[in-house]
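A.B. asks: Hey, dropping start.pdb in here, PDB, C-alpha atoms and all ligand atoms:
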ATOM      1  CA  MET A 117     -14.782  11.928 -33.593  1.00  0.00           C
ATOM      2  CA  LYS A 118     -13.996  14.832 -35.930  1.00  0.00           C
ATOM      3  CA  ARG A 119     -10.459  15.600 -36.923  1.00  0.00           C
ATOM      4  CA  ASP A 120     -10.064  18.681 -34.721  1.00  0.00           C
ATOM      5  CA  GLN A 121     -11.621  16.818 -31.789  1.00  0.00           C
ATOM      6  CA  LEU A 122      -9.140  14.000 -32.293  1.00  0.00           C
ATOM      7  CA  TYR A 123      -6.299  16.529 -32.309  1.00  0.00           C
ATOM      8  CA  TRP A 124      -7.331  18.033 -28.987  1.00  0.00           C
ATOM      9  CA  PHE A 125      -8.039  14.625 -27.469  1.00  0.00           C
ATOM     10  CA  THR A 126      -4.562  13.427 -28.449  1.00  0.00           C
ATOM     11  CA  TRP A 127      -2.963  16.650 -27.181  1.00  0.00           C
ATOM     12  CA  PHE A 128      -4.775  16.263 -23.865  1.00  0.00           C
ATOM     13  CA  VAL A 129      -3.740  12.612 -23.396  1.00  0.00           C
ATOM     14  CA  PHE A 130      -0.073  13.370 -24.071  1.00  0.00           C
ATOM     15  CA  ARG A 131      -0.228  16.505 -21.999  1.00  0.00           C
ATOM     16  CA  ILE A 132      -1.505  14.798 -18.842  1.00  0.00           C
ATOM     17  CA  GLY A 133       0.440  11.607 -19.481  1.00  0.00           C
ATOM     18  CA  TYR A 134      -0.378   8.452 -17.580  1.00  0.00           C
ATOM     19  CA  ARG A 135      -1.918   9.312 -14.244  1.00  0.00           C
ATOM     20  CA  MET A 136      -1.102   6.150 -12.327  1.00  0.00           C
ATOM     21  CA  ILE A 137      -1.975   6.550  -8.695  1.00  0.00           C
ATOM     22  CA  GLY A 138      -5.391   7.426  -7.382  1.00  0.00           C
ATOM     23  CA  ARG A 139      -6.745   7.420  -3.852  1.00  0.00           C
ATOM     24  CA  LEU A 140      -4.691   6.675  -0.763  1.00  0.00           C
ATOM     25  CA  ASN A 141      -5.929   3.193   0.154  1.00  0.00           C
ATOM     26  CA  HIS A 142      -4.135   2.760   3.473  1.00  0.00           C
ATOM     27  CA  ILE A 143      -1.124   3.548   5.578  1.00  0.00           C
ATOM     28  CA  ALA A 144       0.410   0.537   7.328  1.00  0.00           C
ATOM     29  CA  ILE A 145       2.024   0.884  10.756  1.00  0.00           C
ATOM     30  CA  VAL A 146       3.931  -1.990  12.337  1.00  0.00           C
ATOM     31  CA  VAL A 147       3.292  -2.159  16.081  1.00  0.00           C
ATOM     32  CA  PRO A 148       4.842  -4.149  18.942  1.00  0.00           C
ATOM     33  CA  ASP A 149       1.465  -4.899  20.621  1.00  0.00           C
ATOM     34  CA  LEU A 150      -1.660  -5.080  18.492  1.00  0.00           C
ATOM     35  CA  VAL A 151      -4.192  -4.844  21.334  1.00  0.00           C
ATOM     36  CA  ALA A 152      -2.407  -1.844  22.865  1.00  0.00           C
ATOM     37  CA  ALA A 153      -2.152  -0.200  19.439  1.00  0.00           C
ATOM     38  CA  ALA A 154      -5.856  -0.722  18.707  1.00  0.00           C
ATOM     39  CA  ASN A 155      -6.696   0.792  22.096  1.00  0.00           C
ATOM     40  CA  ILE A 156      -4.537   3.842  21.411  1.00  0.00           C
ATOM     41  CA  TYR A 157      -6.361   4.492  18.151  1.00  0.00           C
ATOM     42  CA  LYS A 158      -9.758   3.785  19.754  1.00  0.00           C
ATOM     43  CA  ASP A 159      -9.374   5.563  23.088  1.00  0.00           C
ATOM     44  CA  SER A 160      -6.864   8.357  22.478  1.00  0.00           C
ATOM     45  CA  LEU A 161      -7.704   9.175  18.855  1.00  0.00           C
ATOM     46  CA  GLY A 162     -11.376   8.165  18.933  1.00  0.00           C
ATOM     47  CA  ALA A 163     -11.182   6.045  15.766  1.00  0.00           C
ATOM     48  CA  ASP A 164     -13.275   3.062  14.659  1.00  0.00           C
ATOM     49  CA  VAL A 165     -11.075  -0.034  14.936  1.00  0.00           C
ATOM     50  CA  SER A 166     -11.819  -3.561  13.748  1.00  0.00           C
ATOM     51  CA  ILE A 167     -11.271  -6.860  15.506  1.00  0.00           C
ATOM     52  CA  ILE A 168      -7.873  -8.558  15.024  1.00  0.00           C
ATOM     53  CA  HIS A 169      -7.577 -10.419  11.720  1.00  0.00           C
ATOM     54  CA  GLU A 170      -4.928 -13.110  11.140  1.00  0.00           C
ATOM     55  CA  LEU A 171      -3.536 -13.472   7.631  1.00  0.00           C
ATOM     56  CA  PRO A 172      -1.253 -16.540   7.718  1.00  0.00           C
ATOM     57  CA  ASP A 173      -0.523 -16.297   3.972  1.00  0.00           C
ATOM     58  CA  HIS A 174       0.995 -12.867   4.564  1.00  0.00           C
ATOM     59  CA  GLY A 175       2.591 -13.604   7.938  1.00  0.00           C
ATOM     60  CA  VAL A 176       0.731 -10.820   9.717  1.00  0.00           C
ATOM     61  CA  LYS A 177      -2.134 -10.113  12.035  1.00  0.00           C
ATOM     62  CA  LEU A 178      -3.761  -6.744  11.764  1.00  0.00           C
ATOM     63  CA  VAL A 179      -6.384  -4.301  12.914  1.00  0.00           C
ATOM     64  CA  PHE A 180      -8.110  -1.961  10.466  1.00  0.00           C
ATOM     65  CA  VAL A 181      -8.653   1.630  11.542  1.00  0.00           C
ATOM     66  CA  GLU A 182     -11.480   3.052   9.443  1.00  0.00           C
ATOM     67  CA  LEU A 183     -11.182   6.759   8.639  1.00  0.00           C
ATOM     68  CA  PRO A 184     -13.711   8.790   6.661  1.00  0.00           C
ATOM     69  CA  ASN A 185     -11.316   9.113   3.713  1.00  0.00           C
ATOM     70  CA  SER A 186      -8.926   6.158   4.078  1.00  0.00           C
ATOM     71  CA  LYS A 187      -7.688   3.395   6.355  1.00  0.00           C
ATOM     72  CA  VAL A 188      -4.796   2.750   8.679  1.00  0.00           C
ATOM     73  CA  GLU A 189      -3.616  -0.841   9.141  1.00  0.00           C
ATOM     74  CA  LEU A 190      -1.921  -1.747  12.406  1.00  0.00           C
ATOM     75  CA  LEU A 191       0.289  -4.756  11.644  1.00  0.00           C
ATOM     76  CA  HIS A 192       2.110  -7.235  13.828  1.00  0.00           C
ATOM     77  CA  PRO A 193       4.201 -10.214  12.661  1.00  0.00           C
ATOM     78  CA  LEU A 194       2.603 -13.639  13.081  1.00  0.00           C
ATOM     79  CA  ASN A 195       5.978 -15.332  13.494  1.00  0.00           C
ATOM     80  CA  GLU A 196       9.705 -14.928  12.886  1.00  0.00           C
ATOM     81  CA  SER A 197       9.411 -15.622   9.160  1.00  0.00           C
ATOM     82  CA  SER A 198       6.958 -12.773   8.721  1.00  0.00           C
ATOM     83  CA  PRO A 199       8.074 -10.118   6.187  1.00  0.00           C
ATOM     84  CA  ILE A 200       7.654  -7.460   8.898  1.00  0.00           C
ATOM     85  CA  PHE A 201       9.525  -9.307  11.655  1.00  0.00           C
ATOM     86  CA  SER A 202      12.882  -7.638  10.993  1.00  0.00           C
ATOM     87  CA  PHE A 203      11.212  -4.240  10.626  1.00  0.00           C
ATOM     88  CA  LEU A 204       9.886  -4.556  14.165  1.00  0.00           C
ATOM     89  CA  GLU A 205      13.345  -5.611  15.381  1.00  0.00           C
ATOM     90  CA  ARG A 206      14.803  -2.449  13.831  1.00  0.00           C
ATOM     91  CA  ASN A 207      11.898  -0.318  15.094  1.00  0.00           C
ATOM     92  CA  PRO A 208      10.933  -1.762  18.483  1.00  0.00           C
ATOM     93  CA  MET A 209       8.502   1.098  19.226  1.00  0.00           C
ATOM     94  CA  GLY A 210       6.775   0.438  15.915  1.00  0.00           C
ATOM     95  CA  GLY A 211       6.779   2.715  12.894  1.00  0.00           C
ATOM     96  CA  MET A 212       5.254   3.517   9.544  1.00  0.00           C
ATOM     97  CA  HIS A 213       5.890   0.604   7.199  1.00  0.00           C
ATOM     98  CA  HIS A 214       4.259   1.499   3.875  1.00  0.00           C
ATOM     99  CA  ILE A 215       1.771   3.677   2.020  1.00  0.00           C
ATOM    100  CA  CYS A 216      -0.722   2.075  -0.355  1.00  0.00           C
ATOM    101  CA  TYR A 217      -2.051   3.927  -3.386  1.00  0.00           C
ATOM    102  CA  GLU A 218      -4.839   2.677  -5.627  1.00  0.00           C
ATOM    103  CA  VAL A 219      -4.325   2.073  -9.344  1.00  0.00           C
ATOM    104  CA  ASP A 220      -6.829   1.099 -12.041  1.00  0.00           C
ATOM    105  CA  ASN A 221      -4.583  -1.456 -13.734  1.00  0.00           C
ATOM    106  CA  ILE A 222      -1.664  -2.994 -11.836  1.00  0.00           C
ATOM    107  CA  TYR A 223      -0.080  -4.563 -14.929  1.00  0.00           C
ATOM    108  CA  LYS A 224      -0.091  -1.261 -16.807  1.00  0.00           C
ATOM    109  CA  ALA A 225       1.370   0.398 -13.701  1.00  0.00           C
ATOM    110  CA  ALA A 226       4.086  -2.286 -13.460  1.00  0.00           C
ATOM    111  CA  ASP A 227       5.030  -1.848 -17.143  1.00  0.00           C
ATOM    112  CA  SER A 228       5.190   1.918 -16.795  1.00  0.00           C
ATOM    113  CA  LEU A 229       7.327   1.717 -13.644  1.00  0.00           C
ATOM    114  CA  ARG A 230       9.720  -0.809 -15.161  1.00  0.00           C
ATOM    115  CA  GLY A 231      10.004   1.510 -18.176  1.00  0.00           C
ATOM    116  CA  LYS A 232      11.120   4.284 -15.841  1.00  0.00           C
ATOM    117  CA  GLY A 233      13.683   2.042 -14.138  1.00  0.00           C
ATOM    118  CA  ALA A 234      11.844   1.562 -10.830  1.00  0.00           C
ATOM    119  CA  LYS A 235      12.424  -1.692  -8.981  1.00  0.00           C
ATOM    120  CA  ILE A 236       9.374  -3.828  -8.200  1.00  0.00           C
ATOM    121  CA  LEU A 237      10.140  -5.929  -5.136  1.00  0.00           C
ATOM    122  CA  GLY A 238       9.942  -9.729  -5.065  1.00  0.00           C
ATOM    123  CA  ASP A 239       9.963 -11.407  -8.466  1.00  0.00           C
ATOM    124  CA  GLY A 240       8.724  -8.217 -10.099  1.00  0.00           C
ATOM    125  CA  GLU A 241       5.191  -9.458 -10.732  1.00  0.00           C
ATOM    126  CA  PRO A 242       1.969  -8.346  -8.973  1.00  0.00           C
ATOM    127  CA  LYS A 243       0.705 -10.685  -6.235  1.00  0.00           C
ATOM    128  CA  ILE A 244      -2.628 -11.128  -4.478  1.00  0.00           C
ATOM    129  CA  GLY A 245      -2.432  -8.902  -1.424  1.00  0.00           C
ATOM    130  CA  ALA A 246      -4.033  -8.795   2.004  1.00  0.00           C
ATOM    131  CA  HIS A 247      -7.368  -7.597   0.582  1.00  0.00           C
ATOM    132  CA  GLY A 248      -7.565 -10.321  -2.071  1.00  0.00           C
ATOM    133  CA  LYS A 249      -6.645  -7.832  -4.808  1.00  0.00           C
ATOM    134  CA  PRO A 250      -3.457  -7.640  -6.932  1.00  0.00           C
ATOM    135  CA  VAL A 251      -0.680  -5.586  -5.349  1.00  0.00           C
ATOM    136  CA  LEU A 252       2.973  -4.817  -5.888  1.00  0.00           C
ATOM    137  CA  PHE A 253       5.625  -3.162  -3.735  1.00  0.00           C
ATOM    138  CA  LEU A 254       8.172  -0.594  -4.906  1.00  0.00           C
ATOM    139  CA  SER A 255      11.637  -0.174  -3.474  1.00  0.00           C
ATOM    140  CA  PRO A 256      12.016   2.679  -0.965  1.00  0.00           C
ATOM    141  CA  LYS A 257      15.322   3.467  -2.724  1.00  0.00           C
ATOM    142  CA  ASP A 258      13.367   4.780  -5.720  1.00  0.00           C
ATOM    143  CA  PHE A 259      10.641   6.579  -3.753  1.00  0.00           C
ATOM    144  CA  LEU A 260      12.125   8.931  -1.175  1.00  0.00           C
ATOM    145  CA  GLY A 261      12.761   6.287   1.437  1.00  0.00           C
ATOM    146  CA  THR A 262       9.130   5.151   1.544  1.00  0.00           C
ATOM    147  CA  LEU A 263       7.956   1.637   0.800  1.00  0.00           C
ATOM    148  CA  ILE A 264       5.030   2.021  -1.629  1.00  0.00           C
ATOM    149  CA  GLU A 265       2.324  -0.555  -2.234  1.00  0.00           C
ATOM    150  CA  LEU A 266       0.113  -0.246  -5.309  1.00  0.00           C
ATOM    151  CA  GLU A 267      -3.231  -2.009  -5.198  1.00  0.00           C
ATOM    152  CA  GLN A 268      -5.577  -2.540  -8.111  1.00  0.00           C
ATOM    153  CA  VAL A 269      -9.097  -1.629  -7.062  1.00  0.00           C
TER     154      VAL A 269
HETATM  155 CO    CO B 301      -0.660  -2.698   2.660  1.00  0.00          CO
END
Before anything else, please render the file you have as structure tokens.
Ligand code: CO

C.D. replies:
Amino acid sequence: MKRDQLYWFTWFVFRIGYRMIGRLNHIAIVVPDLVAAANIYKDSLGADVSIIHELPDHGVKLVFVELPNSKVELLHPLNESSPIFSFLERNPMGGMHHICYEVDNIYKAADSLRGKGAKILGDGEPKIGAHGKPVLFLSPKDFLGTLIELEQV
């Protein structure tokens, strides 16, 4: 790379900064009745819905709603120790639980977020999420009242 090219390359990188989040991977909605919820998305909204999947490691069962540009996950707690059990108690009709954005490198994202003072939930380290890929969750207190999941794709 020539010197003037290097100058403009460096200017460009600093100018755009670190672009962390990419595509919207999914929106997760906690529902009181998974079969009824799947039927609402299938019959009223005309969406493609999956069968019910149980994820005991994550304490949830879920249905995937496949959209042309993203996914919706309908979640229901597997038992009382599920991380979404209390959410459903507070929101008995169901409600939006989190938004998941894709990132290229979850560890770089975690470092950058910590550097900006954002709180990563749990022990602060990325974990293997429901899709078998590393994820982390960010506190709604730092992000406009919305629980954010980042997933490395
Ligand atoms: Co999720």

A.B. asks: Restrict the calculation to only C-alpha atoms and all ligand atoms, then for each residue of chain A with any atom at most 8 Å from an atom of ligand CO 301 (chain B) give the closest atom pair and their distance in Å to one decimal, rows by chain and rising residue number, as a Markdown table.

C.D. replies:
| residue | atom | partner | partner_atom | distance |
| --- | --- | --- | --- | --- |
| A:His142 | CA | B:CO301 | CO | 6.5 |
| A:Ile143 | CA | B:CO301 | CO | 6.9 |
| A:Ala144 | CA | B:CO301 | CO | 5.8 |
| A:Glu189 | CA | B:CO301 | CO | 7.4 |
| A:His214 | CA | B:CO301 | CO | 6.6 |
| A:Ile215 | CA | B:CO301 | CO | 6.9 |
| A:Cys216 | CA | B:CO301 | CO | 5.6 |
| A:Gly245 | CA | B:CO301 | CO | 7.6 |
| A:Ala246 | CA | B:CO301 | CO | 7.0 |
| A:Glu265 | CA | B:CO301 | CO | 6.1 |

A.B. asks: Write out as a PyMOL selection string which residues come within 8 Å of range 258-263 of chain A when counting only C-alpha atoms, dropping same-chain ones fewer than 2 positions away.

C.D. replies: chain A and resi 213-215+234-235+253-256+265

A.B. asks: Range 168-170 of chain A: which residues within 10 Å, counting all atoms listed in the file, same-chain residues fewer than 2 positions away excluded, as a list in words?

C.D. replies: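 Close residues of range 168-170 of chain A: Leu150, Val151, Ala154, Val165, Ser166, Pro172, Asp173, His174, Gly175, Val176, Lys177, Leu178, Val179, Phe180, Leu190, Leu191, His192, Pro193 and Leu194 of chain A.
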
A.B. asks: When distances are computed from only C-alpha atoms, which of A:Leu252, A:Ala163, A:Val269, A:Ile264 shows the smallest separation from Ala225 in chain A?

C.D. replies: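 Nearest to Ala225 in chain A: A:Leu252.
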
A.B. asks: Between CA of Val219 in chain A and CA of Gly238 in chain A, what is the distance, to one decimal in Å?

C.D. replies: 19.0 Å

A.B. asks: If you measure from CA of Glu205 in chain A to CA of Asp149 in chain A, what distance in Å do you get, rounded to one decimal?

C.D. replies: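 Calculated distance between CA of Glu205 in chain A and CA of Asp149 in chain A is 13.0 Å.
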
A.B. asks: At what distance in Å, to one decimal, does CA of Ile145 in chain A lie from CA of Phe201 in chain A?

C.D. replies: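 That distance, rounded to one decimal, is 12.7 Å.
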
A.B. asks: Which residues, written as number ranges by chain, have at least one atom at most 8 Å from Asp164 in chain A, with all atoms listed in the file counted and residues fewer than 6 positions away on the same chain left out?

C.D. replies: A: 157-158, 181-183

A.B. asks: For the provided coordinates, the residues matched by the PyMOL selection byres (((chain A and resi 227) around 12) and not hetatm) should be stated as a list of chain:residue names.

C.D. replies: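 In the shown coordinates, the PyMOL selection byres (((chain A and resi 227) around 12) and not hetatm) covers A:Tyr134, A:Met136, A:Asn221, A:Ile222, A:Tyr223, A:Lys224, A:Ala225, A:Ala226, A:Ser228, A:Leu229, A:Arg230, A:Gly231, A:Lys232, A:Gly233, A:Ala234, A:Lys235, A:Ile236, A:Gly240, A:Glu241, A:Pro242, A:Leu252.
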
A.B. asks: I need the output of the PyMOL selection byres (((chain A and resi 267) around 6) and not hetatm) for this file as a VMD selection string; which residues are they?

C.D. replies: chain A and resid 218 to 219 250 to 251 266 268

A.B. asks: What box, with edges along x, y and z, holds each listed atom of range 259-267 of chain A when 8 Å is added on every side, and can you state its centre and edge lengths in Å to one decimal, as AutoDock Vina command-line options?

C.D. replies:
--center_x 4.8 --center_y 3.5 --center_z -1.9 --size_x 32.0 --size_y 26.9 --size_z 22.9
